[in-house]
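Printed here is data_29.tsv (TSV, C-alpha atoms):
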```tsv
chain	number	residue	atom	x	y	z
A	208	MET	CA	-97.56	138.25	142.12
A	209	GLN	CA	-98.08	138.05	145.87
A	210	ASP	CA	-95.38	136.20	147.81
A	211	TYR	CA	-97.39	133.06	148.39
A	212	LEU	CA	-98.38	132.89	144.73
A	213	THR	CA	-94.73	133.17	143.65
A	214	GLU	CA	-93.93	130.44	146.19
A	215	ILE	CA	-96.62	128.10	144.84
A	216	ALA	CA	-95.46	128.74	141.25
A	217	THR	CA	-91.81	128.03	142.15
A	218	ILE	CA	-92.66	124.83	144.02
A	219	ILE	CA	-94.70	123.54	141.07
A	220	VAL	CA	-92.11	124.16	138.36
A	221	ASP	CA	-89.41	122.63	140.60
A	222	LEU	CA	-91.28	119.33	141.06
A	223	PRO	CA	-89.20	116.55	139.45
A	224	HIS	CA	-91.85	115.60	136.90
A	225	CYS	CA	-92.63	119.22	135.99
A	226	LYS	CA	-88.91	119.82	135.52
A	227	ARG	CA	-88.63	116.72	133.34
A	228	LEU	CA	-91.44	118.04	131.13
A	229	GLY	CA	-90.21	121.63	131.17
A	230	LEU	CA	-93.51	123.10	132.38
A	231	LYS	CA	-93.61	126.87	132.69
A	232	ILE	CA	-96.08	128.91	134.72
A	233	THR	CA	-96.80	132.05	132.74
A	234	ARG	CA	-99.31	133.50	135.25
A	235	LEU	CA	-100.64	132.63	138.71
A	236	ASP	CA	-103.25	134.85	140.35
A	237	GLN	CA	-105.50	134.04	143.29
A	238	GLY	CA	-107.96	131.57	141.71
A	239	SER	CA	-106.64	131.48	138.14
A	240	GLY	CA	-103.46	130.79	136.21
A	241	ALA	CA	-101.77	129.87	132.94
A	242	MET	CA	-99.03	127.48	131.83
A	243	GLU	CA	-96.97	126.67	128.77
A	244	LEU	CA	-95.31	123.42	127.76
A	245	PRO	CA	-92.78	123.47	124.89
A	246	PRO	CA	-92.86	120.28	122.75
A	247	GLN	CA	-90.38	117.41	123.18
A	248	ALA	CA	-89.84	114.29	121.07
A	249	ASP	CA	-90.43	112.25	124.25
A	250	PHE	CA	-94.05	113.44	124.48
A	251	ILE	CA	-95.12	111.52	121.35
A	252	GLY	CA	-97.75	108.84	121.86
A	253	ASN	CA	-98.57	108.16	118.22
A	254	THR	CA	-95.40	107.92	116.16
A	255	LYS	CA	-97.17	107.38	112.81
A	256	ARG	CA	-99.01	110.67	113.04
A	257	GLN	CA	-96.64	112.45	115.46
A	258	PHE	CA	-99.33	113.22	118.02
A	259	MET	CA	-98.44	113.81	121.66
A	260	HIS	CA	-99.68	111.24	124.17
A	261	SER	CA	-103.01	112.30	125.71
A	262	ALA	CA	-101.29	111.97	129.10
A	263	ILE	CA	-99.33	115.15	128.32
A	264	ALA	CA	-102.54	117.23	128.21
A	265	THR	CA	-103.76	115.37	131.31
A	266	THR	CA	-100.54	116.16	133.19
A	267	LEU	CA	-100.49	119.81	132.13
A	268	LEU	CA	-104.13	120.34	133.17
A	269	ASP	CA	-103.77	118.35	136.41
A	270	THR	CA	-100.75	120.45	137.40
A	271	LEU	CA	-102.37	123.75	136.51
A	272	CYS	CA	-105.76	122.98	138.09
A	273	GLY	CA	-103.97	121.81	141.27
A	274	GLY	CA	-101.85	124.98	141.36
A	275	VAL	CA	-104.91	127.17	140.89
A	276	ALA	CA	-106.71	125.24	143.68
A	277	SER	CA	-103.71	125.93	145.99
A	278	SER	CA	-103.84	129.62	145.11
A	279	VAL	CA	-107.54	130.10	145.88
A	280	TYR	CA	-107.18	130.42	149.65
A	281	ASP	CA	-105.49	133.43	151.26
A	282	GLY	CA	-101.87	132.50	151.90
A	283	GLY	CA	-102.23	129.27	149.89
A	284	ARG	CA	-103.08	125.72	150.90
A	285	THR	CA	-101.92	122.27	149.94
A	286	VAL	CA	-104.56	120.34	148.01
A	287	ALA	CA	-105.21	116.75	147.01
A	288	THR	CA	-106.93	115.87	143.73
A	289	LEU	CA	-110.22	114.14	144.41
A	290	ASP	CA	-111.18	113.70	140.79
A	291	LEU	CA	-110.32	115.05	137.38
A	292	ARG	CA	-112.31	114.78	134.20
A	293	ILE	CA	-110.58	115.43	130.88
A	294	ASP	CA	-112.28	115.86	127.52
A	295	HIS	CA	-109.70	115.11	124.86
A	296	LEU	CA	-111.13	117.26	122.06
A	297	THR	CA	-108.55	116.97	119.28
A	298	PRO	CA	-105.25	115.12	118.82
A	299	LEU	CA	-102.20	117.03	120.08
A	300	ASP	CA	-99.74	118.21	117.43
A	301	GLY	CA	-96.37	116.90	118.60
A	302	SER	CA	-94.44	119.81	117.07
A	303	LYS	CA	-96.28	122.69	118.76
A	304	PRO	CA	-96.28	123.97	122.34
A	305	LEU	CA	-99.28	123.37	124.58
A	306	PHE	CA	-100.85	126.25	126.47
A	307	ALA	CA	-103.33	126.03	129.31
A	308	GLU	CA	-105.48	128.29	131.45
A	309	ALA	CA	-107.54	127.42	134.51
A	310	GLU	CA	-109.85	129.14	136.96
A	311	CYS	CA	-111.71	128.35	140.15
A	312	PHE	CA	-115.49	128.44	139.63
A	313	HIS	CA	-116.52	127.52	143.15
A	314	ARG	CA	-114.90	127.05	146.54
A	315	ASN	CA	-115.80	126.34	150.11
A	316	GLU	CA	-113.70	125.58	153.18
A	317	ASP	CA	-113.08	121.98	152.09
A	318	VAL	CA	-113.26	121.82	148.32
A	319	ALA	CA	-112.13	123.93	145.35
A	320	TYR	CA	-113.76	123.32	141.96
A	321	ILE	CA	-111.50	124.20	139.02
A	322	GLN	CA	-111.93	124.21	135.26
A	323	GLY	CA	-109.17	124.42	132.70
A	324	TRP	CA	-108.53	124.39	128.95
A	325	ALA	CA	-105.54	123.57	126.82
A	326	TRP	CA	-104.85	124.78	123.28
A	327	GLN	CA	-102.08	124.87	120.69
A	328	ASP	CA	-102.91	127.33	117.90
A	329	THR	CA	-105.31	129.85	119.45
A	330	PRO	CA	-107.24	129.93	122.77
A	331	ASP	CA	-110.56	129.65	120.92
A	332	LYS	CA	-109.53	126.24	119.52
A	333	PRO	CA	-109.18	124.11	122.67
A	334	VAL	CA	-107.52	120.69	122.39
A	335	ALA	CA	-108.60	119.53	125.87
A	336	LYS	CA	-110.86	120.65	128.68
A	337	ALA	CA	-110.61	119.71	132.35
A	338	THR	CA	-112.83	119.86	135.41
A	339	GLY	CA	-111.20	118.98	138.71
A	340	THR	CA	-112.22	118.81	142.34
A	341	PHE	CA	-109.55	119.40	144.97
A	342	MET	CA	-109.71	118.79	148.71
A	343	THR	CA	-107.88	121.38	150.74
A	344	ASN	CA	-105.47	120.28	153.42
A	345	GLY	CA	-104.87	123.30	155.64
A	346	LYS	CA	-102.02	125.77	155.34
A	347	PHE	CA	-99.60	125.82	152.50
A	348	GLN	CA	-96.24	124.32	153.36
A	349	LEU	CA	-92.91	124.84	151.72
A	350	GLN	CA	-91.81	121.58	150.20
A	351	PRO	CA	-88.22	120.57	150.88
A	352	LYS	CA	-85.99	120.79	147.83
A	353	ALA	CA	-84.55	117.54	146.55
A	354	PRO	CA	-80.80	117.34	147.22
A	355	SER	CA	-78.98	118.54	144.13
B	114	MET	CA	-101.73	84.65	123.01
B	115	SER	CA	-98.08	85.18	123.89
B	116	GLN	CA	-97.47	86.26	120.31
B	117	LYS	CA	-100.08	88.95	120.79
B	118	LEU	CA	-98.45	90.05	124.05
B	119	THR	CA	-95.08	90.32	122.32
B	120	HIS	CA	-96.70	92.38	119.59
B	121	LEU	CA	-98.22	94.80	122.14
B	122	GLN	CA	-94.90	95.01	123.99
B	123	ASP	CA	-93.12	95.85	120.73
B	124	LEU	CA	-95.73	98.51	119.97
B	125	ASN	CA	-95.37	99.98	123.47
B	126	ARG	CA	-91.59	100.13	123.16
B	127	LEU	CA	-91.96	102.37	120.13
B	128	ILE	CA	-93.99	104.97	122.04
B	129	PRO	CA	-91.67	107.75	123.26
B	130	TYR	CA	-93.99	108.82	126.10
B	131	ALA	CA	-94.16	105.26	127.43
B	132	GLN	CA	-90.37	105.10	127.47
B	133	MET	CA	-90.03	108.51	129.13
B	134	VAL	CA	-92.19	107.68	132.17
B	135	GLY	CA	-91.45	103.93	132.24
B	136	LEU	CA	-94.61	102.18	131.03
B	137	GLU	CA	-94.41	98.45	130.30
B	138	ILE	CA	-96.92	95.89	129.09
B	139	ALA	CA	-97.06	92.58	130.94
B	140	ARG	CA	-99.41	89.72	131.70
B	141	ASP	CA	-100.40	87.79	134.81
B	142	ASP	CA	-102.87	84.99	135.46
B	143	LYS	CA	-105.79	87.45	135.35
B	144	GLY	CA	-104.84	89.00	132.01
B	145	LEU	CA	-103.09	92.03	130.57
B	146	LEU	CA	-101.29	94.41	132.92
B	147	THR	CA	-99.78	97.82	132.34
B	148	LYS	CA	-96.89	98.64	134.66
B	149	LEU	CA	-95.44	102.03	135.57
B	150	LEU	CA	-91.90	101.64	136.86
B	151	ALA	CA	-90.84	103.59	139.96
B	152	HIS	CA	-88.96	106.45	138.35
B	153	PRO	CA	-87.71	109.48	140.38
B	154	ASP	CA	-88.50	111.80	137.45
B	155	ASN	CA	-92.19	110.97	137.89
B	156	ILE	CA	-92.44	112.55	141.35
B	157	GLY	CA	-95.07	115.27	141.70
B	158	ASN	CA	-95.14	115.69	145.48
B	159	GLU	CA	-91.82	115.86	147.27
B	160	VAL	CA	-93.23	115.97	150.81
B	161	ILE	CA	-94.64	112.46	150.66
B	162	GLY	CA	-92.64	111.35	147.61
B	163	ALA	CA	-95.72	110.63	145.52
B	164	ILE	CA	-95.96	110.11	141.77
B	165	HIS	CA	-97.41	113.07	139.84
B	166	GLY	CA	-101.19	112.74	139.38
B	167	GLY	CA	-100.74	113.37	135.68
B	168	VAL	CA	-98.42	110.37	135.34
B	169	VAL	CA	-100.88	108.18	137.26
B	170	GLY	CA	-103.50	109.53	134.83
B	171	GLY	CA	-101.14	108.64	131.96
B	172	LEU	CA	-100.80	105.09	133.29
B	173	LEU	CA	-104.60	104.73	133.42
B	174	GLU	CA	-105.09	106.18	129.91
B	175	HIS	CA	-102.29	104.01	128.51
B	176	ALA	CA	-103.62	100.89	130.24
B	177	ALA	CA	-107.12	101.57	128.90
B	178	SER	CA	-105.91	101.88	125.30
B	179	PHE	CA	-103.66	98.82	125.51
B	180	HIS	CA	-106.46	96.83	127.07
B	181	LEU	CA	-108.65	97.79	124.11
B	182	LEU	CA	-105.89	96.91	121.63
B	183	HIS	CA	-105.58	93.55	123.35
B	184	GLU	CA	-109.30	92.82	123.21
B	185	LEU	CA	-110.10	94.18	119.76
B	186	LEU	CA	-108.57	91.78	117.31
B	187	ASP	CA	-106.85	92.79	114.08
B	188	ARG	CA	-106.22	96.36	115.08
B	189	ASP	CA	-102.94	98.15	115.13
B	190	THR	CA	-104.01	101.75	115.50
B	191	ILE	CA	-104.17	103.06	119.02
B	192	PRO	CA	-107.83	103.81	119.81
B	193	ARG	CA	-108.60	107.52	120.05
B	194	ILE	CA	-109.58	108.68	123.53
B	195	ILE	CA	-112.76	110.80	123.77
B	196	ASN	CA	-112.74	111.58	127.47
B	197	VAL	CA	-111.68	110.19	130.81
B	198	SER	CA	-112.64	110.68	134.41
B	199	PHE	CA	-110.05	109.92	137.10
B	200	ASP	CA	-110.68	109.30	140.77
B	201	TYR	CA	-107.62	109.68	142.97
B	202	LEU	CA	-108.10	107.34	145.92
B	203	ARG	CA	-104.77	107.10	147.75
B	204	PRO	CA	-101.33	108.66	147.32
B	205	ALA	CA	-99.31	106.72	144.73
B	206	LEU	CA	-95.89	106.45	146.36
B	207	LEU	CA	-92.67	105.93	144.42
B	208	LYS	CA	-93.12	102.20	143.82
B	209	ASP	CA	-93.99	100.15	140.76
B	210	THR	CA	-97.65	100.77	139.92
B	211	TYR	CA	-99.93	98.41	138.00
B	212	ALA	CA	-103.13	98.99	136.06
B	213	ARG	CA	-105.73	96.66	134.64
B	214	GLY	CA	-108.57	97.51	132.26
B	215	TYR	CA	-112.06	96.12	131.88
B	216	ILE	CA	-114.39	96.81	128.95
B	217	VAL	CA	-117.77	97.85	130.37
B	218	LYS	CA	-119.35	98.12	126.95
B	219	GLN	CA	-118.08	97.79	123.44
B	220	GLY	CA	-120.32	99.29	120.80
B	221	LYS	CA	-119.73	99.70	117.07
B	222	ARG	CA	-118.09	103.10	117.45
B	223	VAL	CA	-117.44	103.65	121.12
B	224	ALA	CA	-115.94	101.55	123.89
B	225	ASN	CA	-116.40	102.30	127.58
B	226	VAL	CA	-113.41	101.12	129.60
B	227	ARG	CA	-112.83	101.05	133.34
B	228	VAL	CA	-109.28	100.94	134.70
B	229	SER	CA	-107.90	100.50	138.16
B	230	ALA	CA	-104.33	101.17	139.37
B	231	TRP	CA	-102.67	99.78	142.49
B	232	GLN	CA	-99.24	99.30	144.01
B	233	GLU	CA	-98.90	96.38	146.41
B	234	ASP	CA	-102.47	95.17	146.71
B	235	GLU	CA	-104.93	95.09	143.83
B	236	ASN	CA	-107.74	95.43	146.42
B	237	ARG	CA	-106.33	98.78	147.58
B	238	PRO	CA	-106.36	100.88	144.39
B	239	VAL	CA	-104.50	104.21	144.31
B	240	ALA	CA	-106.61	105.53	141.44
B	241	CYS	CA	-109.27	104.43	138.98
B	242	ALA	CA	-110.74	105.82	135.79
B	243	ASN	CA	-113.56	105.49	133.35
B	244	ALA	CA	-112.81	106.35	129.73
B	245	HIS	CA	-114.55	106.45	126.34
B	246	PHE	CA	-112.68	105.58	123.17
B	247	LEU	CA	-113.59	105.93	119.52
B	248	ILE	CA	-112.92	102.56	117.95
B	249	ALA	CA	-114.39	103.01	114.48
```

Would you kindly transcribe this structure into structure tokens?
Amino acid sequence: MQDYLTEIATIIVDLPHCKRLGLKITRLDQGSGAMELPPQADFIGNTKRQFMHSAIATTLLDTLCGGVASSVYDGGRTVATLDLRIDHLTPLDGSKPLFAEAECFHRNEDVAYIQGWAWQDTPDKPVAKATGTFMTNGKFQLQPKAPS
Amino acid sequence: MSQKLTHLQDLNRLIPYAQMVGLEIARDDKGLLTKLLAHPDNIGNEVIGAIHGGVVGGLLEHAASFHLLHELLDRDTIPRIINVSFDYLRPALLKDTYARGYIVKQGKRVANVRVSAWQEDENRPVACANAHFLIA
């Protein structure tokens, strides 16, 4: 990974909420990436059927699409989510990890358009699909670490 | 009415995700409210100290389903979400955040719900969403 890509990946996994969830970035290239989220009992949204809350897929895809949008520009940029559309295709099995992949399908100086998918069993059986639009905010900046 | 609110609050308390991020069900003079408590673990941007977009999304999805549960009588199963489209309007800073739902259309099988989330002023939303739910 190039330096700025490693930096983006580190910043993302160190964000308090990403740490709380235990999000892992398994790959980040310029304009595409992949993540993994191991299951936790706290992710359950439907206790009767032991499904994860849909917000878990939303959070995973929002994080990954945002990270990929940051990675698109040489040297990286900070981005702000303009909108995000999620198709929740199947319920999320609360006992299995969630995987996601995302890629940029168009960019200009102001906006990066990203699509992503999440799955549990195999990549050809998606559980959720995302399309997001991200406004770019100039150069990437190192975010200060929270005091430990 | 208050019995119904208590029932929804009890249901919400049993949802692990709601407890993890700090989602509560309340009521004001305009109707049902879903509240996301300011919780440092929900931060997703340390520069401005903003709540993670995914958690704001979670608040909107949760508020939409609880609004539906509140409006559709005699139902105890959480409606299944088909899709949702979020618009992020302003940074959601680390403060209590509120969301209110509105049913645009309720058909036999599908409900279309609009939700808006704000922090100090309901007229200055931080995010809004439109979602479809399967209700049959």

Legend entry - Expected answer as an MDAnalysis selection string: chain B residues within 10 Å of chain A, only C-alpha atoms: chainID B and resid 125 127:134 152:161 164:175 190:191 193:204 240:245

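Non-sequential neighbours of Lys221 of chain B (distance at most 12 Å, separation of 5 or more positions within a chain, only C-alpha atoms) are Leu185, Phe246, Leu247, Ile248 and Ala249 of chain B.
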
Inset, instruction - Work out how far atom CA of Ser115 of chain B is from atom CA of Arg213 of chain B, in Å to one decimal. - result: 17.5 Å

Inset, instruction - Using only C-alpha atoms, pick whichever of B:Thr119, B:Asn236, B:Asn225, B:Thr210 has the shortest atom-to-atom distance to His183 of chain B. - result: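 Result for the nearest residue to His183 of chain B: B:Thr119.
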
Inset, instruction - To one decimal in Å, tell me the separation between atom CA of Glu214 of chain A and atom CA of Pro246 of chain A. - result: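 Separation between atom CA of Glu214 of chain A and atom CA of Pro246 of chain A: 25.6 Å.
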
Inset, instruction - Just give me the gap between atom CA of Tyr215 of chain B and atom CA of Asp234 of chain B in Å, one decimal is fine. - result: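 Between atom CA of Tyr215 of chain B and atom CA of Asp234 of chain B the gap is 17.7 Å.
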
Inset, instruction - For each of A:Ala325, A:Ala319, A:Ala276, A:Val286, take the minimum atom-to-atom distance to Leu299 of chain A, counting only C-alpha atoms, then give the residue where this is smallest. - result: A:Ala325

From the coordinates I just gave you, please extract segment 305-333 of chain A so that only N, CA, C and O atoms remain, then output it as a PDB file, in the first residue's frame.
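Generated output (selection_29.pdb):
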```pdb
ATOM      1  N   LEU A 305     -19.283 -10.148   8.516  1.00  0.00           N
ATOM      2  CA  LEU A 305     -19.743  -9.410   7.342  1.00  0.00           C
ATOM      3  C   LEU A 305     -18.500  -8.988   6.564  1.00  0.00           C
ATOM      4  O   LEU A 305     -17.535  -8.507   7.164  1.00  0.00           O
ATOM      5  N   PHE A 306     -18.562  -9.128   5.258  1.00  0.00           N
ATOM      6  CA  PHE A 306     -17.464  -8.681   4.403  1.00  0.00           C
ATOM      7  C   PHE A 306     -17.998  -7.613   3.461  1.00  0.00           C
ATOM      8  O   PHE A 306     -19.189  -7.624   3.123  1.00  0.00           O
ATOM      9  N   ALA A 307     -17.145  -6.697   3.044  1.00  0.00           N
ATOM     10  CA  ALA A 307     -17.604  -5.686   2.098  1.00  0.00           C
ATOM     11  C   ALA A 307     -16.491  -5.306   1.142  1.00  0.00           C
ATOM     12  O   ALA A 307     -15.303  -5.386   1.482  1.00  0.00           O
ATOM     13  N   GLU A 308     -16.909  -4.914  -0.060  1.00  0.00           N
ATOM     14  CA  GLU A 308     -15.985  -4.390  -1.062  1.00  0.00           C
ATOM     15  C   GLU A 308     -16.620  -3.165  -1.670  1.00  0.00           C
ATOM     16  O   GLU A 308     -17.855  -3.088  -1.780  1.00  0.00           O
ATOM     17  N   ALA A 309     -15.783  -2.192  -2.073  1.00  0.00           N
ATOM     18  CA  ALA A 309     -16.332  -0.996  -2.703  1.00  0.00           C
ATOM     19  C   ALA A 309     -15.362  -0.481  -3.744  1.00  0.00           C
ATOM     20  O   ALA A 309     -14.155  -0.743  -3.668  1.00  0.00           O
ATOM     21  N   GLU A 310     -15.910   0.243  -4.720  1.00  0.00           N
ATOM     22  CA  GLU A 310     -15.061   0.828  -5.765  1.00  0.00           C
ATOM     23  C   GLU A 310     -15.655   2.139  -6.243  1.00  0.00           C
ATOM     24  O   GLU A 310     -16.868   2.358  -6.171  1.00  0.00           O
ATOM     25  N   CYS A 311     -14.765   2.997  -6.728  1.00  0.00           N
ATOM     26  CA  CYS A 311     -15.197   4.274  -7.283  1.00  0.00           C
ATOM     27  C   CYS A 311     -15.586   4.031  -8.739  1.00  0.00           C
ATOM     28  O   CYS A 311     -14.838   3.406  -9.483  1.00  0.00           O
ATOM     29  N   PHE A 312     -16.779   4.476  -9.144  1.00  0.00           N
ATOM     30  CA  PHE A 312     -17.145   4.296 -10.556  1.00  0.00           C
ATOM     31  C   PHE A 312     -17.174   5.603 -11.329  1.00  0.00           C
ATOM     32  O   PHE A 312     -17.320   5.606 -12.541  1.00  0.00           O
ATOM     33  N   HIS A 313     -17.012   6.710 -10.641  1.00  0.00           N
ATOM     34  CA  HIS A 313     -16.841   7.993 -11.327  1.00  0.00           C
ATOM     35  C   HIS A 313     -16.298   9.009 -10.336  1.00  0.00           C
ATOM     36  O   HIS A 313     -16.596   8.950  -9.156  1.00  0.00           O
ATOM     37  N   ARG A 314     -15.514   9.955 -10.862  1.00  0.00           N
ATOM     38  CA  ARG A 314     -14.991  11.009  -9.992  1.00  0.00           C
ATOM     39  C   ARG A 314     -14.799  12.263 -10.815  1.00  0.00           C
ATOM     40  O   ARG A 314     -14.589  12.202 -12.023  1.00  0.00           O
ATOM     41  N   ASN A 315     -14.913  13.395 -10.158  1.00  0.00           N
ATOM     42  CA  ASN A 315     -14.441  14.638 -10.744  1.00  0.00           C
ATOM     43  C   ASN A 315     -13.774  15.418  -9.617  1.00  0.00           C
ATOM     44  O   ASN A 315     -13.552  14.863  -8.538  1.00  0.00           O
ATOM     45  N   GLU A 316     -13.462  16.676  -9.835  1.00  0.00           N
ATOM     46  CA  GLU A 316     -12.714  17.427  -8.831  1.00  0.00           C
ATOM     47  C   GLU A 316     -13.508  17.618  -7.534  1.00  0.00           C
ATOM     48  O   GLU A 316     -12.942  17.865  -6.482  1.00  0.00           O
ATOM     49  N   ASP A 317     -14.822  17.542  -7.598  1.00  0.00           N
ATOM     50  CA  ASP A 317     -15.651  17.843  -6.432  1.00  0.00           C
ATOM     51  C   ASP A 317     -16.309  16.614  -5.807  1.00  0.00           C
ATOM     52  O   ASP A 317     -16.561  16.581  -4.608  1.00  0.00           O
ATOM     53  N   VAL A 318     -16.638  15.647  -6.638  1.00  0.00           N
ATOM     54  CA  VAL A 318     -17.476  14.541  -6.177  1.00  0.00           C
ATOM     55  C   VAL A 318     -16.881  13.190  -6.575  1.00  0.00           C
ATOM     56  O   VAL A 318     -16.399  13.022  -7.696  1.00  0.00           O
ATOM     57  N   ALA A 319     -16.931  12.231  -5.638  1.00  0.00           N
ATOM     58  CA  ALA A 319     -16.574  10.845  -5.956  1.00  0.00           C
ATOM     59  C   ALA A 319     -17.830   9.987  -5.783  1.00  0.00           C
ATOM     60  O   ALA A 319     -18.549  10.114  -4.784  1.00  0.00           O
ATOM     61  N   TYR A 320     -18.097   9.157  -6.773  1.00  0.00           N
ATOM     62  CA  TYR A 320     -19.270   8.270  -6.766  1.00  0.00           C
ATOM     63  C   TYR A 320     -18.776   6.859  -6.488  1.00  0.00           C
ATOM     64  O   TYR A 320     -17.945   6.329  -7.223  1.00  0.00           O
ATOM     65  N   ILE A 321     -19.297   6.245  -5.424  1.00  0.00           N
ATOM     66  CA  ILE A 321     -18.770   4.948  -4.974  1.00  0.00           C
ATOM     67  C   ILE A 321     -19.902   3.935  -4.887  1.00  0.00           C
ATOM     68  O   ILE A 321     -21.016   4.276  -4.476  1.00  0.00           O
ATOM     69  N   GLN A 322     -19.598   2.680  -5.263  1.00  0.00           N
ATOM     70  CA  GLN A 322     -20.570   1.617  -5.010  1.00  0.00           C
ATOM     71  C   GLN A 322     -19.925   0.520  -4.191  1.00  0.00           C
ATOM     72  O   GLN A 322     -18.721   0.286  -4.305  1.00  0.00           O
ATOM     73  N   GLY A 323     -20.723  -0.116  -3.368  1.00  0.00           N
ATOM     74  CA  GLY A 323     -20.183  -1.160  -2.493  1.00  0.00           C
ATOM     75  C   GLY A 323     -21.182  -2.290  -2.297  1.00  0.00           C
ATOM     76  O   GLY A 323     -22.386  -2.121  -2.541  1.00  0.00           O
ATOM     77  N   TRP A 324     -20.670  -3.437  -1.866  1.00  0.00           N
ATOM     78  CA  TRP A 324     -21.498  -4.613  -1.584  1.00  0.00           C
ATOM     79  C   TRP A 324     -21.041  -5.228  -0.271  1.00  0.00           C
ATOM     80  O   TRP A 324     -19.861  -5.184   0.045  1.00  0.00           O
ATOM     81  N   ALA A 325     -21.983  -5.843   0.413  1.00  0.00           N
ATOM     82  CA  ALA A 325     -21.616  -6.607   1.604  1.00  0.00           C
ATOM     83  C   ALA A 325     -22.141  -8.024   1.428  1.00  0.00           C
ATOM     84  O   ALA A 325     -23.160  -8.231   0.773  1.00  0.00           O
ATOM     85  N   TRP A 326     -21.413  -8.992   1.991  1.00  0.00           N
ATOM     86  CA  TRP A 326     -21.869 -10.384   1.931  1.00  0.00           C
ATOM     87  C   TRP A 326     -21.422 -11.123   3.176  1.00  0.00           C
ATOM     88  O   TRP A 326     -20.611 -10.623   3.942  1.00  0.00           O
ATOM     89  N   GLN A 327     -21.983 -12.315   3.376  1.00  0.00           N
ATOM     90  CA  GLN A 327     -21.574 -13.136   4.523  1.00  0.00           C
ATOM     91  C   GLN A 327     -21.001 -14.472   4.071  1.00  0.00           C
ATOM     92  O   GLN A 327     -19.908 -14.819   4.461  1.00  0.00           O
ATOM     93  N   ASP A 328     -21.747 -15.221   3.248  1.00  0.00           N
ATOM     94  CA  ASP A 328     -21.269 -16.547   2.855  1.00  0.00           C
ATOM     95  C   ASP A 328     -20.263 -16.480   1.712  1.00  0.00           C
ATOM     96  O   ASP A 328     -19.130 -16.902   1.851  1.00  0.00           O
ATOM     97  N   THR A 329     -20.711 -15.991   0.554  1.00  0.00           N
ATOM     98  CA  THR A 329     -19.815 -15.862  -0.599  1.00  0.00           C
ATOM     99  C   THR A 329     -20.100 -14.525  -1.288  1.00  0.00           C
ATOM    100  O   THR A 329     -21.224 -14.013  -1.211  1.00  0.00           O
ATOM    101  N   PRO A 330     -19.086 -13.953  -1.970  1.00  0.00           N
ATOM    102  CA  PRO A 330     -19.263 -12.639  -2.609  1.00  0.00           C
ATOM    103  C   PRO A 330     -20.409 -12.603  -3.622  1.00  0.00           C
ATOM    104  O   PRO A 330     -20.965 -11.533  -3.876  1.00  0.00           O
ATOM    105  N   ASP A 331     -20.761 -13.751  -4.193  1.00  0.00           N
ATOM    106  CA  ASP A 331     -21.848 -13.728  -5.192  1.00  0.00           C
ATOM    107  C   ASP A 331     -23.229 -13.790  -4.538  1.00  0.00           C
ATOM    108  O   ASP A 331     -24.243 -13.844  -5.228  1.00  0.00           O
ATOM    109  N   LYS A 332     -23.281 -13.789  -3.200  1.00  0.00           N
ATOM    110  CA  LYS A 332     -24.572 -13.718  -2.502  1.00  0.00           C
ATOM    111  C   LYS A 332     -24.589 -12.474  -1.621  1.00  0.00           C
ATOM    112  O   LYS A 332     -24.427 -12.560  -0.400  1.00  0.00           O
ATOM    113  N   PRO A 333     -24.753 -11.293  -2.249  1.00  0.00           N
ATOM    114  CA  PRO A 333     -24.699 -10.057  -1.448  1.00  0.00           C
ATOM    115  C   PRO A 333     -25.866  -9.965  -0.474  1.00  0.00           C
ATOM    116  O   PRO A 333     -26.975 -10.437  -0.755  1.00  0.00           O
TER     117      PRO A 333
END
```
